[in-house]
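Please read the structure below before turning to the comments.
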Amino acid sequence: LLMAIAVVATMFALGMFSTSQVHAADGVVNTDNATTVHDVTMTPSSTSVNGAGSWNVTFGVSAALVAGSATITIQFPSGVVLPETMDKSRVSAGAGTLLYPLTSDPTITTSTRTVILTMPATKPDGNAAPDTAVGDTVTVFFSQLAGIVNPAASGAAGGTTAANQGDVSTSAQA
């Protein structure tokens, strides 16, 4: 019995058991939607230790984001490892489910786990991408090929301290 318990404990420690979905949110109750993004949700496709997967980041805005010039800053939860560079074709953004590939490469700061991206300027067909309107839910999708890696230890992502949780701001809102 002791051996079985040790095996199961080791499997937990190695991240062999995972939940179907994990959300990291800023944990702040928003009282001023006009100046802050709200309802931030960061959802990785995999919660496995050292696992690479896609990430969906969604949030509500109360200020329009202009295509081609508005920026979004995303800080991933503590423990998440970002690559030094990320190809723009591996990230898409837009309102709701109308996502378009980025038209410029994102800026990455690995020490703070921060990605800064500019809203796509054009659709894949070359036409202008639409602006994001007041009240829209914005989605940013990072494909698995973007190279984002989960923490090296089970349960190491995020935490109760605000500085360790995922966070989002835009050029129009804190």
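Each chain in the structure tokens gets a letter, A, B and so on, in the order shown; residues start at 1 in every chain, and ligands are counted from 1 in the order they appear.
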I'd like the contact shell of Ser54 in chain A - 8 Å cut-off, only C-alpha atoms, skipping same-chain residues fewer than 5 positions apart - returned as a list in words.
Pro44, Ser45, Ser46, Phe141, Phe142, Ser143, Gln144, Leu145, Ala146 and Ile148 of chain A
Let me see the file: selected residues, all heavy atoms, as a short mmCIF file (atom, residue, chain, number, x, y, z; two decimals), in the first residue's frame.
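Result saved to again_36.cif:
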```cif
data_model
loop_
_atom_site.label_atom_id
_atom_site.label_comp_id
_atom_site.auth_asym_id
_atom_site.auth_seq_id
_atom_site.Cartn_x
_atom_site.Cartn_y
_atom_site.Cartn_z
N PRO A 44 -4.48 27.81 -21.00
CA PRO A 44 -3.53 27.01 -21.77
C PRO A 44 -4.21 25.72 -22.26
O PRO A 44 -5.13 25.21 -21.62
CB PRO A 44 -2.45 26.68 -20.75
CG PRO A 44 -3.16 26.67 -19.44
CD PRO A 44 -4.27 27.70 -19.56
N SER A 45 -3.76 25.19 -23.40
CA SER A 45 -4.33 23.94 -23.90
C SER A 45 -3.80 22.74 -23.13
O SER A 45 -4.39 21.68 -23.15
CB SER A 45 -4.02 23.77 -25.39
OG SER A 45 -2.62 23.63 -25.59
N SER A 46 -2.67 22.92 -22.45
CA SER A 46 -2.08 21.83 -21.67
C SER A 46 -1.67 22.37 -20.31
O SER A 46 -1.17 23.48 -20.21
CB SER A 46 -0.83 21.29 -22.39
OG SER A 46 -0.09 20.44 -21.52
N PHE A 141 -4.84 34.62 -29.47
CA PHE A 141 -4.53 33.20 -29.52
C PHE A 141 -3.05 33.00 -29.86
O PHE A 141 -2.57 33.51 -30.86
CB PHE A 141 -5.40 32.50 -30.56
CG PHE A 141 -5.08 31.04 -30.72
CD1 PHE A 141 -5.45 30.12 -29.76
CD2 PHE A 141 -4.37 30.59 -31.82
CE1 PHE A 141 -5.14 28.77 -29.89
CE2 PHE A 141 -4.05 29.24 -31.97
CZ PHE A 141 -4.44 28.32 -31.00
N PHE A 142 -2.36 32.28 -29.00
CA PHE A 142 -0.96 31.91 -29.22
C PHE A 142 -0.95 30.43 -29.60
O PHE A 142 -1.37 29.59 -28.80
CB PHE A 142 -0.12 32.09 -27.94
CG PHE A 142 -0.02 33.52 -27.48
CD1 PHE A 142 -0.98 34.06 -26.64
CD2 PHE A 142 1.04 34.31 -27.88
CE1 PHE A 142 -0.89 35.37 -26.21
CE2 PHE A 142 1.14 35.63 -27.44
CZ PHE A 142 0.18 36.16 -26.62
N SER A 143 -0.49 30.09 -30.81
CA SER A 143 -0.47 28.69 -31.21
C SER A 143 0.60 27.94 -30.43
O SER A 143 1.50 28.55 -29.84
CB SER A 143 -0.23 28.55 -32.71
OG SER A 143 1.14 28.67 -33.02
N GLN A 144 0.53 26.62 -30.46
CA GLN A 144 1.54 25.80 -29.79
C GLN A 144 2.92 26.10 -30.36
O GLN A 144 3.92 26.04 -29.64
CB GLN A 144 1.20 24.32 -29.96
CG GLN A 144 2.18 23.41 -29.25
CD GLN A 144 1.76 21.96 -29.29
OE1 GLN A 144 0.69 21.63 -29.79
NE2 GLN A 144 2.59 21.10 -28.77
N LEU A 145 3.00 26.48 -31.63
CA LEU A 145 4.28 26.78 -32.27
C LEU A 145 4.88 28.11 -31.82
O LEU A 145 6.00 28.44 -32.19
CB LEU A 145 4.12 26.75 -33.79
CG LEU A 145 3.67 25.40 -34.36
CD1 LEU A 145 3.42 25.51 -35.86
CD2 LEU A 145 4.68 24.32 -34.05
N ALA A 146 4.14 28.87 -30.99
CA ALA A 146 4.68 30.12 -30.46
C ALA A 146 5.81 29.85 -29.47
O ALA A 146 6.64 30.72 -29.20
CB ALA A 146 3.58 30.95 -29.81
N ILE A 148 5.52 28.79 -26.07
CA ILE A 148 5.27 29.07 -24.66
C ILE A 148 5.27 27.74 -23.90
O ILE A 148 4.61 26.78 -24.31
CB ILE A 148 3.93 29.80 -24.48
CG1 ILE A 148 3.94 31.12 -25.26
CG2 ILE A 148 3.64 30.05 -23.00
CD1 ILE A 148 2.61 31.81 -25.34
#
```
Contacts of Val57 in chain A within 8 Å, only C-alpha atoms, excl. fewer than 6 positions in-chain, as a list of chain:residue names
A:Val40, A:Thr41, A:Met42, A:Thr43, A:Thr139, A:Val140, A:Phe141
Residue nearest Ala172 in chain A among A:Ile74, A:Leu99, A:Val37, A:Asp105 (counting only C-alpha atoms)
A:Val37
So, counting only C-alpha atoms, which residue among A:Ala52, A:Ala67, A:Ala95, A:Ala152 is closest to Val138 in chain A?
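The closest residue to Val138 in chain A is A:Ala95.
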